$ cat protein-v1.pdb   # PDB, C-alpha atoms
ATOM      1  CA  MET A   1    -182.573-149.191   1.287
ATOM      2  CA  SER A   2    -183.747-146.543   3.721
ATOM      3  CA  GLU A   3    -186.358-144.096   2.511
ATOM      4  CA  VAL A   4    -185.360-140.442   2.090
ATOM      5  CA  LEU A   5    -188.091-137.814   1.893
ATOM      6  CA  VAL A   6    -187.489-134.933  -0.528
ATOM      7  CA  LEU A   7    -189.622-131.795  -0.472
ATOM      8  CA  ILE A   8    -190.221-130.820  -4.093
ATOM      9  CA  ASP A   9    -190.632-127.259  -5.300
ATOM     10  CA  ALA A  10    -192.763-127.442  -8.451
ATOM     11  CA  PRO A  11    -194.632-124.198  -9.144
ATOM     12  CA  GLU A  12    -197.349-124.756 -11.734
ATOM     13  CA  GLY A  13    -196.241-128.378 -12.043
ATOM     14  CA  LYS A  14    -192.699-127.531 -13.209
ATOM     15  CA  VAL A  15    -189.902-128.997 -11.103
ATOM     16  CA  THR A  16    -187.165-126.530 -10.219
ATOM     17  CA  LYS A  17    -183.514-127.412 -10.798
ATOM     18  CA  PRO A  18    -182.732-127.366  -7.033
ATOM     19  CA  SER A  19    -185.406-130.035  -6.524
ATOM     20  CA  LEU A  20    -183.723-132.285  -9.085
ATOM     21  CA  GLU A  21    -180.441-131.672  -7.237
ATOM     22  CA  LEU A  22    -182.108-132.811  -4.004
ATOM     23  CA  LEU A  23    -183.237-136.061  -5.625
ATOM     24  CA  THR A  24    -179.679-136.627  -6.856
ATOM     25  CA  LEU A  25    -178.231-136.080  -3.372
ATOM     26  CA  ALA A  26    -180.947-138.199  -1.754
ATOM     27  CA  ARG A  27    -179.783-141.236  -3.742
ATOM     28  CA  ARG A  28    -176.484-141.102  -1.838
ATOM     29  CA  ILE A  29    -178.406-141.681   1.381
ATOM     30  CA  GLY A  30    -181.099-144.117   0.360
ATOM     31  CA  GLU A  31    -184.215-144.456  -1.762
ATOM     32  CA  PRO A  32    -185.749-141.062  -2.633
ATOM     33  CA  SER A  33    -189.446-140.427  -2.087
ATOM     34  CA  ALA A  34    -190.682-137.085  -3.414
ATOM     35  CA  VAL A  35    -193.258-135.036  -1.527
ATOM     36  CA  VAL A  36    -195.437-132.871  -3.783
ATOM     37  CA  PHE A  37    -198.053-130.366  -2.712
ATOM     38  CA  GLY A  38    -200.580-129.776  -5.483
ATOM     39  CA  SER A  39    -202.681-131.434  -8.148
ATOM     40  CA  GLU A  40    -199.885-132.113 -10.642
ATOM     41  CA  VAL A  41    -197.143-134.727 -10.361
ATOM     42  CA  PRO A  42    -194.301-133.923 -12.772
ATOM     43  CA  SER A  43    -192.922-136.874 -14.764
ATOM     44  CA  GLN A  44    -189.377-135.637 -14.099
ATOM     45  CA  LEU A  45    -189.553-136.957 -10.548
ATOM     46  CA  ALA A  46    -189.439-140.568 -11.750
ATOM     47  CA  GLU A  47    -186.780-139.664 -14.322
ATOM     48  CA  TYR A  48    -184.519-138.374 -11.539
ATOM     49  CA  GLY A  49    -184.796-141.227  -9.088
ATOM     50  CA  ALA A  50    -188.035-140.861  -7.111
ATOM     51  CA  GLU A  51    -189.251-144.382  -6.305
ATOM     52  CA  LYS A  52    -192.377-142.991  -4.648
ATOM     53  CA  VAL A  53    -194.223-139.709  -4.886
ATOM     54  CA  TYR A  54    -196.387-138.681  -1.942
ATOM     55  CA  GLN A  55    -198.992-136.305  -3.320
ATOM     56  CA  LEU A  56    -200.842-133.947  -1.000
ATOM     57  CA  ASP A  57    -203.580-132.382  -3.084
ATOM     58  CA  ASP A  58    -205.594-130.128  -0.820
ATOM     59  CA  ALA A  59    -206.466-126.482  -1.338
ATOM     60  CA  VAL A  60    -205.428-125.724   2.243
ATOM     61  CA  TYR A  61    -201.743-125.890   1.285
ATOM     62  CA  GLY A  62    -202.182-123.049  -1.161
ATOM     63  CA  GLU A  63    -204.525-120.960   0.951
ATOM     64  CA  TYR A  64    -202.234-120.529   3.949
ATOM     65  CA  LEU A  65    -198.559-119.909   4.571
ATOM     66  CA  VAL A  66    -196.077-122.656   5.457
ATOM     67  CA  ALA A  67    -197.693-124.076   8.604
ATOM     68  CA  PRO A  68    -200.044-126.582   6.894
ATOM     69  CA  LYS A  69    -197.189-127.946   4.782
ATOM     70  CA  ALA A  70    -194.986-128.241   7.851
ATOM     71  CA  GLU A  71    -197.709-130.095   9.749
ATOM     72  CA  ALA A  72    -198.228-132.521   6.860
ATOM     73  CA  LEU A  73    -194.490-133.195   6.551
ATOM     74  CA  THR A  74    -194.236-133.686  10.309
ATOM     75  CA  GLN A  75    -196.903-136.391  10.173
ATOM     76  CA  LEU A  76    -195.288-137.963   7.109
ATOM     77  CA  VAL A  77    -191.927-138.117   8.891
ATOM     78  CA  ALA A  78    -193.613-139.715  11.897
ATOM     79  CA  ASP A  79    -195.315-142.313   9.666
ATOM     80  CA  LYS A  80    -192.371-143.196   7.439
ATOM     81  CA  SER A  81    -189.367-142.795   9.809
ATOM     82  CA  PRO A  82    -187.096-141.736   6.921
ATOM     83  CA  ALA A  83    -183.308-141.743   6.978
ATOM     84  CA  ALA A  84    -183.461-137.998   6.262
ATOM     85  CA  LEU A  85    -185.663-135.182   5.004
ATOM     86  CA  LEU A  86    -184.135-132.944   2.340
ATOM     87  CA  VAL A  87    -185.620-129.512   1.669
ATOM     88  CA  PRO A  88    -184.510-126.658  -0.595
ATOM     89  CA  ALA A  89    -182.630-123.867   1.182
ATOM     90  CA  THR A  90    -185.202-121.287   0.147
ATOM     91  CA  THR A  91    -187.015-118.984   2.543
ATOM     92  CA  GLU A  92    -190.024-121.299   2.540
ATOM     93  CA  GLY A  93    -187.976-124.496   2.543
ATOM     94  CA  LYS A  94    -185.903-123.494   5.561
ATOM     95  CA  GLU A  95    -188.949-122.400   7.537
ATOM     96  CA  ILE A  96    -190.738-125.661   6.796
ATOM     97  CA  GLY A  97    -187.607-127.617   7.693
ATOM     98  CA  ALA A  98    -187.209-125.773  10.984
ATOM     99  CA  ARG A  99    -190.837-126.390  11.947
ATOM    100  CA  VAL A 100    -190.591-130.103  11.103
ATOM    101  CA  ALA A 101    -187.323-130.489  13.014
ATOM    102  CA  LEU A 102    -188.824-128.841  16.088
ATOM    103  CA  ALA A 103    -192.007-130.891  15.951
ATOM    104  CA  THR A 104    -190.170-134.203  15.465
ATOM    105  CA  GLU A 105    -187.364-133.355  17.928
ATOM    106  CA  SER A 106    -184.822-133.827  15.144
ATOM    107  CA  GLY A 107    -181.637-131.990  14.278
ATOM    108  CA  LEU A 108    -181.674-129.364  11.539
ATOM    109  CA  ILE A 109    -178.808-128.493   9.186
ATOM    110  CA  THR A 110    -179.120-125.462   6.906
ATOM    111  CA  ASP A 111    -177.096-124.273   3.905
ATOM    112  CA  ALA A 112    -175.654-127.701   3.189
ATOM    113  CA  VAL A 113    -173.575-127.923   0.020
ATOM    114  CA  ASP A 114    -172.813-131.659   0.090
ATOM    115  CA  VAL A 115    -174.173-134.851   1.632
ATOM    116  CA  THR A 116    -172.370-138.141   2.285
ATOM    117  CA  VAL A 117    -173.297-141.266   4.200
ATOM    118  CA  ALA A 118    -171.271-143.906   6.038
ATOM    119  CA  GLY A 119    -173.300-146.750   7.461
ATOM    120  CA  ASP A 120    -176.330-145.131   9.063
ATOM    121  CA  THR A 121    -174.640-141.770   9.624
ATOM    122  CA  VAL A 122    -175.444-138.883   7.293
ATOM    123  CA  THR A 123    -172.754-136.205   7.194
ATOM    124  CA  THR A 124    -173.161-132.840   5.518
ATOM    125  CA  THR A 125    -170.796-130.126   4.412
ATOM    126  CA  GLN A 126    -172.106-126.663   5.294
ATOM    127  CA  SER A 127    -171.213-123.227   4.026
ATOM    128  CA  VAL A 128    -171.094-120.961   7.103
ATOM    129  CA  PHE A 129    -170.162-117.435   8.187
ATOM    130  CA  ALA A 130    -171.251-115.887   4.887
ATOM    131  CA  GLY A 131    -169.364-118.528   2.919
ATOM    132  CA  ASN A 132    -165.998-117.878   4.551
ATOM    133  CA  PHE A 133    -165.766-121.410   5.992
ATOM    134  CA  THR A 134    -167.059-124.894   5.314
ATOM    135  CA  VAL A 135    -167.675-127.383   8.099
ATOM    136  CA  ASP A 136    -168.738-131.009   8.328
ATOM    137  CA  ALA A 137    -171.791-131.608  10.488
ATOM    138  CA  LYS A 138    -174.125-134.442  11.392
ATOM    139  CA  VAL A 139    -177.381-134.761  13.286
ATOM    140  CA  THR A 140    -177.261-136.803  16.489
ATOM    141  CA  GLN A 141    -180.991-137.022  17.217
ATOM    142  CA  GLY A 142    -183.989-137.953  15.107
ATOM    143  CA  ALA A 143    -184.239-137.969  11.320
ATOM    144  CA  PRO A 144    -181.848-135.338   9.913
ATOM    145  CA  VAL A 145    -183.635-132.375   8.322
ATOM    146  CA  ILE A 146    -181.261-130.906   5.759
ATOM    147  CA  ALA A 147    -181.739-127.680   3.781
ATOM    148  CA  VAL A 148    -179.506-127.790   0.688
ATOM    149  CA  LYS A 149    -178.286-124.697  -1.164
ATOM    150  CA  PRO A 150    -179.040-124.471  -4.898
ATOM    151  CA  ASN A 151    -176.243-125.408  -7.328
ATOM    152  CA  SER A 152    -174.633-127.717  -4.766
ATOM    153  CA  THR A 153    -174.514-130.543  -7.307
ATOM    154  CA  SER A 154    -175.509-131.290 -10.888
ATOM    155  CA  PRO A 155    -178.829-133.101 -11.378
ATOM    156  CA  GLU A 156    -178.274-136.650 -12.600
ATOM    157  CA  ALA A 157    -181.064-138.628 -14.225
ATOM    158  CA  ALA A 158    -181.812-142.091 -12.825
ATOM    159  CA  SER A 159    -184.974-143.863 -13.904
ATOM    160  CA  ALA A 160    -187.220-145.014 -11.045
ATOM    161  CA  ALA A 161    -190.778-146.209 -10.527
ATOM    162  CA  GLY A 162    -192.237-142.877  -9.454
ATOM    163  CA  THR A 163    -195.259-144.609  -7.914
ATOM    164  CA  VAL A 164    -197.774-141.967  -6.865
ATOM    165  CA  GLU A 165    -199.444-142.368  -3.489
ATOM    166  CA  ALA A 166    -202.090-139.874  -2.490
ATOM    167  CA  VAL A 167    -201.879-138.989   1.199
ATOM    168  CA  SER A 168    -203.874-136.610   3.341
ATOM    169  CA  PHE A 169    -203.557-135.217   6.839
ATOM    170  CA  ASP A 170    -205.708-133.012   9.010
ATOM    171  CA  VAL A 171    -204.491-129.453   9.447
ATOM    172  CA  THR A 172    -204.965-127.931  12.889
ATOM    173  CA  ASP A 173    -206.610-124.579  13.496
ATOM    174  CA  ALA A 174    -203.214-123.267  14.590
ATOM    175  CA  GLY A 175    -201.848-124.178  11.178
ATOM    176  CA  LYS A 176    -204.438-121.895   9.583
ATOM    177  CA  GLY A 177    -203.312-118.814  11.447
ATOM    178  CA  ALA A 178    -201.861-116.958   8.442
ATOM    179  CA  LYS A 179    -204.057-116.945   5.354
ATOM    180  CA  ILE A 180    -202.944-115.745   1.932
ATOM    181  CA  THR A 181    -205.396-113.030   0.924
ATOM    182  CA  SER A 182    -203.930-112.153  -2.468
ATOM    183  CA  SER A 183    -201.011-113.026  -4.709
ATOM    184  CA  LYS A 184    -199.494-111.694  -7.898
ATOM    185  CA  PRO A 185    -197.741-113.873 -10.479
ATOM    186  CA  LYS A 186    -194.101-113.032 -11.000
ATOM    187  CA  GLU A 187    -193.484-111.292 -14.308
ATOM    188  CA  ALA A 188    -191.546-113.516 -16.681
ATOM    189  CA  SER A 189    -188.194-112.067 -17.756
ATOM    190  CA  GLY A 190    -187.073-114.960 -19.929
ATOM    191  CA  ARG A 191    -183.992-115.336 -17.716
ATOM    192  CA  PRO A 192    -183.262-118.040 -15.118
ATOM    193  CA  GLU A 193    -184.295-117.585 -11.498
ATOM    194  CA  LEU A 194    -181.524-115.721  -9.675
ATOM    195  CA  THR A 195    -180.945-118.269  -6.902
ATOM    196  CA  GLU A 196    -181.078-121.229  -9.306
ATOM    197  CA  ALA A 197    -179.006-119.905 -12.205
ATOM    198  CA  ALA A 198    -175.728-121.565 -13.183
ATOM    199  CA  ILE A 199    -174.430-118.166 -14.323
ATOM    200  CA  VAL A 200    -175.155-114.781 -12.718
ATOM    201  CA  VAL A 201    -174.123-111.413 -14.143
ATOM    202  CA  SER A 202    -174.467-108.545 -11.658
ATOM    203  CA  GLY A 203    -174.138-104.785 -11.834
ATOM    204  CA  GLY A 204    -173.371-102.202  -9.178
ATOM    205  CA  ARG A 205    -172.694 -98.529  -8.691
ATOM    206  CA  GLY A 206    -170.344 -98.538 -11.685
ATOM    207  CA  THR A 207    -173.280 -98.997 -14.069
ATOM    208  CA  GLY A 208    -174.413 -95.460 -13.305
ATOM    209  CA  GLY A 209    -177.961 -96.776 -13.379
ATOM    210  CA  ASP A 210    -177.751 -98.203 -16.910
ATOM    211  CA  PHE A 211    -177.936-102.003 -16.769
ATOM    212  CA  SER A 212    -178.196-102.478 -20.553
ATOM    213  CA  GLU A 213    -174.618-103.771 -20.907
ATOM    214  CA  VAL A 214    -175.082-106.097 -17.928
ATOM    215  CA  GLU A 215    -178.350-107.469 -19.326
ATOM    216  CA  ALA A 216    -176.876-107.944 -22.790
ATOM    217  CA  LEU A 217    -173.963-109.973 -21.410
ATOM    218  CA  ALA A 218    -176.350-112.016 -19.257
ATOM    219  CA  ASP A 219    -178.577-112.801 -22.232
ATOM    220  CA  SER A 220    -175.602-113.881 -24.338
ATOM    221  CA  LEU A 221    -174.647-116.351 -21.589
ATOM    222  CA  GLY A 222    -178.173-117.478 -20.704
ATOM    223  CA  ALA A 223    -177.580-116.031 -17.257
ATOM    224  CA  ALA A 224    -179.601-114.396 -14.510
ATOM    225  CA  VAL A 225    -179.128-110.724 -13.677
ATOM    226  CA  GLY A 226    -178.237-109.549 -10.176
ATOM    227  CA  ALA A 227    -177.534-106.195  -8.567
ATOM    228  CA  SER A 228    -175.603-104.820  -5.624
ATOM    229  CA  ARG A 229    -177.241-103.126  -2.675
ATOM    230  CA  ALA A 230    -175.972 -99.741  -3.877
ATOM    231  CA  ALA A 231    -177.713-100.263  -7.219
ATOM    232  CA  VAL A 232    -181.062-101.289  -5.771
ATOM    233  CA  ASP A 233    -180.991 -98.623  -3.056
ATOM    234  CA  SER A 234    -180.485 -96.057  -5.814
ATOM    235  CA  GLY A 235    -183.608 -97.348  -7.544
ATOM    236  CA  TRP A 236    -181.722 -98.609 -10.582
ATOM    237  CA  TYR A 237    -182.883-102.224 -10.273
ATOM    238  CA  PRO A 238    -185.661-103.999  -8.299
ATOM    239  CA  HIS A 239    -184.813-105.151  -4.771
ATOM    240  CA  SER A 240    -185.798-108.718  -5.700
ATOM    241  CA  PHE A 241    -182.559-108.902  -7.720
ATOM    242  CA  GLN A 242    -180.259-107.826  -4.898
ATOM    243  CA  VAL A 243    -177.353-110.168  -4.190
ATOM    244  CA  GLY A 244    -175.883-109.883  -0.722
ATOM    245  CA  GLN A 245    -176.268-110.504   2.964
ATOM    246  CA  THR A 246    -179.548-108.559   3.045
ATOM    247  CA  GLY A 247    -180.574-109.806  -0.397
ATOM    248  CA  LYS A 248    -180.323-113.188  -2.060
ATOM    249  CA  VAL A 249    -177.462-115.615  -1.578
ATOM    250  CA  VAL A 250    -176.319-117.226  -4.827
ATOM    251  CA  SER A 251    -173.787-119.950  -5.560
ATOM    252  CA  PRO A 252    -173.585-120.313  -9.353
ATOM    253  CA  GLN A 253    -170.903-121.972 -11.424
ATOM    254  CA  LEU A 254    -169.920-118.523 -12.747
ATOM    255  CA  TYR A 255    -170.471-115.106 -11.161
ATOM    256  CA  VAL A 256    -169.576-111.935 -13.068
ATOM    257  CA  ALA A 257    -169.468-108.749 -10.956
ATOM    258  CA  ASN A 258    -169.497-105.507 -12.922
ATOM    259  CA  GLY A 259    -168.881-102.120 -11.361
ATOM    260  CA  ILE A 260    -169.207-103.635  -7.873
ATOM    261  CA  SER A 261    -166.643-102.601  -5.257
ATOM    262  CA  GLY A 262    -166.910-105.808  -3.246
ATOM    263  CA  ALA A 263    -168.152-104.647   0.152
ATOM    264  CA  ILE A 264    -168.593-107.473   2.679
ATOM    265  CA  GLN A 265    -172.383-107.080   2.399
ATOM    266  CA  HIS A 266    -172.228-108.116  -1.262
ATOM    267  CA  ARG A 267    -169.482-110.692  -0.857
ATOM    268  CA  ALA A 268    -171.584-112.553   1.703
ATOM    269  CA  GLY A 269    -174.138-113.218  -1.008
ATOM    270  CA  MET A 270    -171.890-114.542  -3.761
ATOM    271  CA  GLN A 271    -168.473-115.654  -2.555
ATOM    272  CA  THR A 272    -169.334-119.364  -2.633
ATOM    273  CA  SER A 273    -169.650-119.117  -6.437
ATOM    274  CA  LYS A 274    -167.429-121.665  -8.170
ATOM    275  CA  THR A 275    -165.717-119.121 -10.468
ATOM    276  CA  ILE A 276    -165.798-115.354  -9.943
ATOM    277  CA  VAL A 277    -164.958-112.719 -12.539
ATOM    278  CA  ALA A 278    -164.914-108.978 -11.820
ATOM    279  CA  VAL A 279    -164.834-105.939 -14.089
ATOM    280  CA  ASN A 280    -163.983-102.685 -12.317
ATOM    281  CA  LYS A 281    -162.039 -99.602 -13.347
ATOM    282  CA  ASP A 282    -160.653 -99.224  -9.794
ATOM    283  CA  GLU A 283    -157.721-101.609  -9.533
ATOM    284  CA  GLU A 284    -157.801-101.225  -5.734
ATOM    285  CA  ALA A 285    -161.428-102.409  -5.449
ATOM    286  CA  PRO A 286    -161.829-105.052  -2.684
ATOM    287  CA  ILE A 287    -163.654-107.351  -5.104
ATOM    288  CA  PHE A 288    -160.305-108.190  -6.750
ATOM    289  CA  GLU A 289    -159.180-109.913  -3.537
ATOM    290  CA  LEU A 290    -161.878-112.522  -4.092
ATOM    291  CA  VAL A 291    -161.925-113.180  -7.816
ATOM    292  CA  ASP A 292    -160.501-115.914 -10.010
ATOM    293  CA  PHE A 293    -160.212-113.508 -12.939
ATOM    294  CA  GLY A 294    -160.229-109.714 -12.847
ATOM    295  CA  VAL A 295    -160.452-107.084 -15.562
ATOM    296  CA  VAL A 296    -159.416-103.508 -14.760
ATOM    297  CA  GLY A 297    -161.503-101.392 -17.099
ATOM    298  CA  ASP A 298    -164.743 -99.545 -17.715
ATOM    299  CA  LEU A 299    -167.620-102.006 -17.871
ATOM    300  CA  LYS A 300    -169.262 -99.921 -20.601
ATOM    301  CA  THR A 301    -166.274-100.718 -22.812
ATOM    302  CA  VAL A 302    -165.436-104.220 -21.606
ATOM    303  CA  LEU A 303    -168.919-105.769 -21.509
ATOM    304  CA  PRO A 304    -169.986-104.927 -25.088
ATOM    305  CA  GLN A 305    -166.735-106.453 -26.355
ATOM    306  CA  ALA A 306    -167.276-109.586 -24.287
ATOM    307  CA  THR A 307    -170.901-109.859 -25.421
ATOM    308  CA  GLU A 308    -169.935-109.452 -29.063
ATOM    309  CA  ALA A 309    -167.257-112.139 -28.784
ATOM    310  CA  ILE A 310    -169.617-114.579 -27.034
ATOM    311  CA  VAL A 311    -172.386-114.064 -29.592
ATOM    312  CA  ALA A 312    -169.902-114.513 -32.458
ATOM    313  CA  ARG A 313    -168.532-117.716 -30.964
ATOM    314  CA  LYS A 314    -172.009-119.128 -30.385
ATOM    315  CA  GLY A 315    -172.955-118.249 -33.946
TER     316      GLY A 315
END
$ encode --input "protein-v1.pdb" --output "structure tokens"
Amino acid sequence: MSEVLVLIDAPEGKVTKPSLELLTLARRIGEPSAVVFGSEVPSQLAEYGAEKVYQLDDAVYGEYLVAPKAEALTQLVADKSPAALLVPATTEGKEIGARVALATESGLITDAVDVTVAGDTVTTTQSVFAGNFTVDAKVTQGAPVIAVKPNSTSPEAASAAGTVEAVSFDVTDAGKGAKITSSKPKEASGRPELTEAAIVVSGGRGTGGDFSEVEALADSLGAAVGASRAAVDSGWYPHSFQVGQTGKVVSPQLYVANGISGAIQHRAGMQTSKTIVAVNKDEEAPIFELVDFGVVGDLKTVLPQATEAIVARKG
């Protein structure tokens, strides 16, 4: 089988769910080989189908921005001639993918939500124009570089060898142009990462600045919390939780919008969610044009009732 390189996101040695999804999709194309930057190789890689694990353990990859990683992947692609390179559709993943595609004169596909293969041809399904359309696309030159959106598939375990091979490449001076001078660990909230979560509960202007009901519902569901642009611009919630065209794009199995009108800016960030529920006291709110289920009511009344019912059922 043809080798498929998969860029793994494993902060502090913990594999993210989107990375396990990439390994699952890679098995449709060929034989997955994980690429890990760092000193730790998570055992989950072998459990989810990685026949090989290329480990690049050099401090340079943590001291600078994406250029050293992109250079290393470029050389790995040149050495291995893979059937494809899959990367997570994160800010870093897409920049690395774009740099590798340019350097290897290969085609790049971003925001893929599905991958299929027929013979030697890899075809992807993309979510485009803020999720309003899906298109099928394929690369016609070089090894396809494909950035896959989180929650595009469910991770499926498949035992493999997971043979670790340490590799090293020289990083050019140009690759060391942007050095990281300081960093701050993200504060743990106990909730899933917004872009990776299977369930997202968001609040908007209708919260009046009080997200307690939104957070309570999210915690009862094991969900991440999001916010509309109006809410973060008002200072009610951190900008890192903004869902929308100028915030984060999410595609969970369930999205619950509370007190959010449904402006196009917000819809662009969540309308590819599998199931959408909205709670809004304005029955004319644009968000109701998009939803699978809508509740016309005050979120401060509806959400506590929903939370109580969910907690009771779980108990």
$ residues_around --input "protein-v1.pdb" --residues "segment 73-80 of chain A" --least-positions-apart "3" --cutoff "10 Å" --atoms "all atoms listed in the file" --output "number ranges by chain"
A: 2-5, 7, 35, 54, 56, 67-70, 83-85, 96-97, 99-104, 143, 167-170
$ atom_distance --input "protein-v1.pdb" --atom1 "atom CA of Val295 of chain A" --atom2 "atom CA of Phe211 of chain A"
18.2 Å
$ residues_around --input "protein-v1.pdb" --residues "Arg229 of chain A" --least-positions-apart "4" --cutoff "12 Å" --atoms "only C-alpha atoms" --output "ChimeraX atom specification"
/A:202-205,233-248,260-269
$ write_last_selection --input "protein-v1.pdb" --atoms "C-alpha atoms" --output "PDB file, keeping the file's coordinate frame"
ATOM      1  CA  SER A 202    -174.467-108.545 -11.658  1.00  0.00           C
ATOM      2  CA  GLY A 203    -174.138-104.785 -11.834  1.00  0.00           C
ATOM      3  CA  GLY A 204    -173.371-102.202  -9.178  1.00  0.00           C
ATOM      4  CA  ARG A 205    -172.694 -98.529  -8.691  1.00  0.00           C
ATOM      5  CA  ASP A 233    -180.991 -98.623  -3.056  1.00  0.00           C
ATOM      6  CA  SER A 234    -180.485 -96.057  -5.814  1.00  0.00           C
ATOM      7  CA  GLY A 235    -183.608 -97.348  -7.544  1.00  0.00           C
ATOM      8  CA  TRP A 236    -181.722 -98.609 -10.582  1.00  0.00           C
ATOM      9  CA  TYR A 237    -182.883-102.224 -10.273  1.00  0.00           C
ATOM     10  CA  PRO A 238    -185.661-103.999  -8.299  1.00  0.00           C
ATOM     11  CA  HIS A 239    -184.813-105.151  -4.771  1.00  0.00           C
ATOM     12  CA  SER A 240    -185.798-108.718  -5.700  1.00  0.00           C
ATOM     13  CA  PHE A 241    -182.559-108.902  -7.720  1.00  0.00           C
ATOM     14  CA  GLN A 242    -180.259-107.826  -4.898  1.00  0.00           C
ATOM     15  CA  VAL A 243    -177.353-110.168  -4.190  1.00  0.00           C
ATOM     16  CA  GLY A 244    -175.883-109.883  -0.722  1.00  0.00           C
ATOM     17  CA  GLN A 245    -176.268-110.504   2.964  1.00  0.00           C
ATOM     18  CA  THR A 246    -179.548-108.559   3.045  1.00  0.00           C
ATOM     19  CA  GLY A 247    -180.574-109.806  -0.397  1.00  0.00           C
ATOM     20  CA  LYS A 248    -180.323-113.188  -2.060  1.00  0.00           C
ATOM     21  CA  ILE A 260    -169.207-103.635  -7.873  1.00  0.00           C
ATOM     22  CA  SER A 261    -166.643-102.601  -5.257  1.00  0.00           C
ATOM     23  CA  GLY A 262    -166.910-105.808  -3.246  1.00  0.00           C
ATOM     24  CA  ALA A 263    -168.152-104.647   0.152  1.00  0.00           C
ATOM     25  CA  ILE A 264    -168.593-107.473   2.679  1.00  0.00           C
ATOM     26  CA  GLN A 265    -172.383-107.080   2.399  1.00  0.00           C
ATOM     27  CA  HIS A 266    -172.228-108.116  -1.262  1.00  0.00           C
ATOM     28  CA  ARG A 267    -169.482-110.692  -0.857  1.00  0.00           C
ATOM     29  CA  ALA A 268    -171.584-112.553   1.703  1.00  0.00           C
ATOM     30  CA  GLY A 269    -174.138-113.218  -1.008  1.00  0.00           C
TER      31      GLY A 269
END
$ resolve_selection --input "protein-v1.pdb" --expression "the PyMOL selection byres ((chain A and resi 137) around 12)" --output "ChimeraX atom specification"
/A:107-117,121-128,134-136,138-140,144,146
$ resolve_selection --input "protein-v1.pdb" --expression "the PyMOL selection byres ((chain A and resi 255-258) around 7)" --output "ChimeraX atom specification"
/A:199-204,252-254,259-260,273,275-280,299
$ write_last_selection --input "protein-v1.pdb" --atoms "C-alpha atoms" --output "PDB file, keeping the file's coordinate frame"
ATOM      1  CA  ILE A 199    -174.430-118.166 -14.323  1.00  0.00           C
ATOM      2  CA  VAL A 200    -175.155-114.781 -12.718  1.00  0.00           C
ATOM      3  CA  VAL A 201    -174.123-111.413 -14.143  1.00  0.00           C
ATOM      4  CA  SER A 202    -174.467-108.545 -11.658  1.00  0.00           C
ATOM      5  CA  GLY A 203    -174.138-104.785 -11.834  1.00  0.00           C
ATOM      6  CA  GLY A 204    -173.371-102.202  -9.178  1.00  0.00           C
ATOM      7  CA  PRO A 252    -173.585-120.313  -9.353  1.00  0.00           C
ATOM      8  CA  GLN A 253    -170.903-121.972 -11.424  1.00  0.00           C
ATOM      9  CA  LEU A 254    -169.920-118.523 -12.747  1.00  0.00           C
ATOM     10  CA  GLY A 259    -168.881-102.120 -11.361  1.00  0.00           C
ATOM     11  CA  ILE A 260    -169.207-103.635  -7.873  1.00  0.00           C
ATOM     12  CA  SER A 273    -169.650-119.117  -6.437  1.00  0.00           C
ATOM     13  CA  THR A 275    -165.717-119.121 -10.468  1.00  0.00           C
ATOM     14  CA  ILE A 276    -165.798-115.354  -9.943  1.00  0.00           C
ATOM     15  CA  VAL A 277    -164.958-112.719 -12.539  1.00  0.00           C
ATOM     16  CA  ALA A 278    -164.914-108.978 -11.820  1.00  0.00           C
ATOM     17  CA  VAL A 279    -164.834-105.939 -14.089  1.00  0.00           C
ATOM     18  CA  ASN A 280    -163.983-102.685 -12.317  1.00  0.00           C
ATOM     19  CA  LEU A 299    -167.620-102.006 -17.871  1.00  0.00           C
TER      20      LEU A 299
END
$ closest_residue --input "protein-v1.pdb" --among "A:Gly297, A:Lys17, A:Ser33, A:Gly142" --to "Ala197 of chain A" --atoms "only C-alpha atoms"
A:Lys17
$ resolve_selection --input "protein-v1.pdb" --expression "the PyMOL selection byres ((chain A and resi 215) around 10)" --output "list in words"
Arg191, Val201, Ser202, Gly203, Asp210, Phe211, Ser212, Glu213, Val214, Ala216, Leu217, Ala218, Asp219, Ser220, Leu221, Ala223, Ala224, Val225, Gly226, Leu303 and Thr307 of chain A
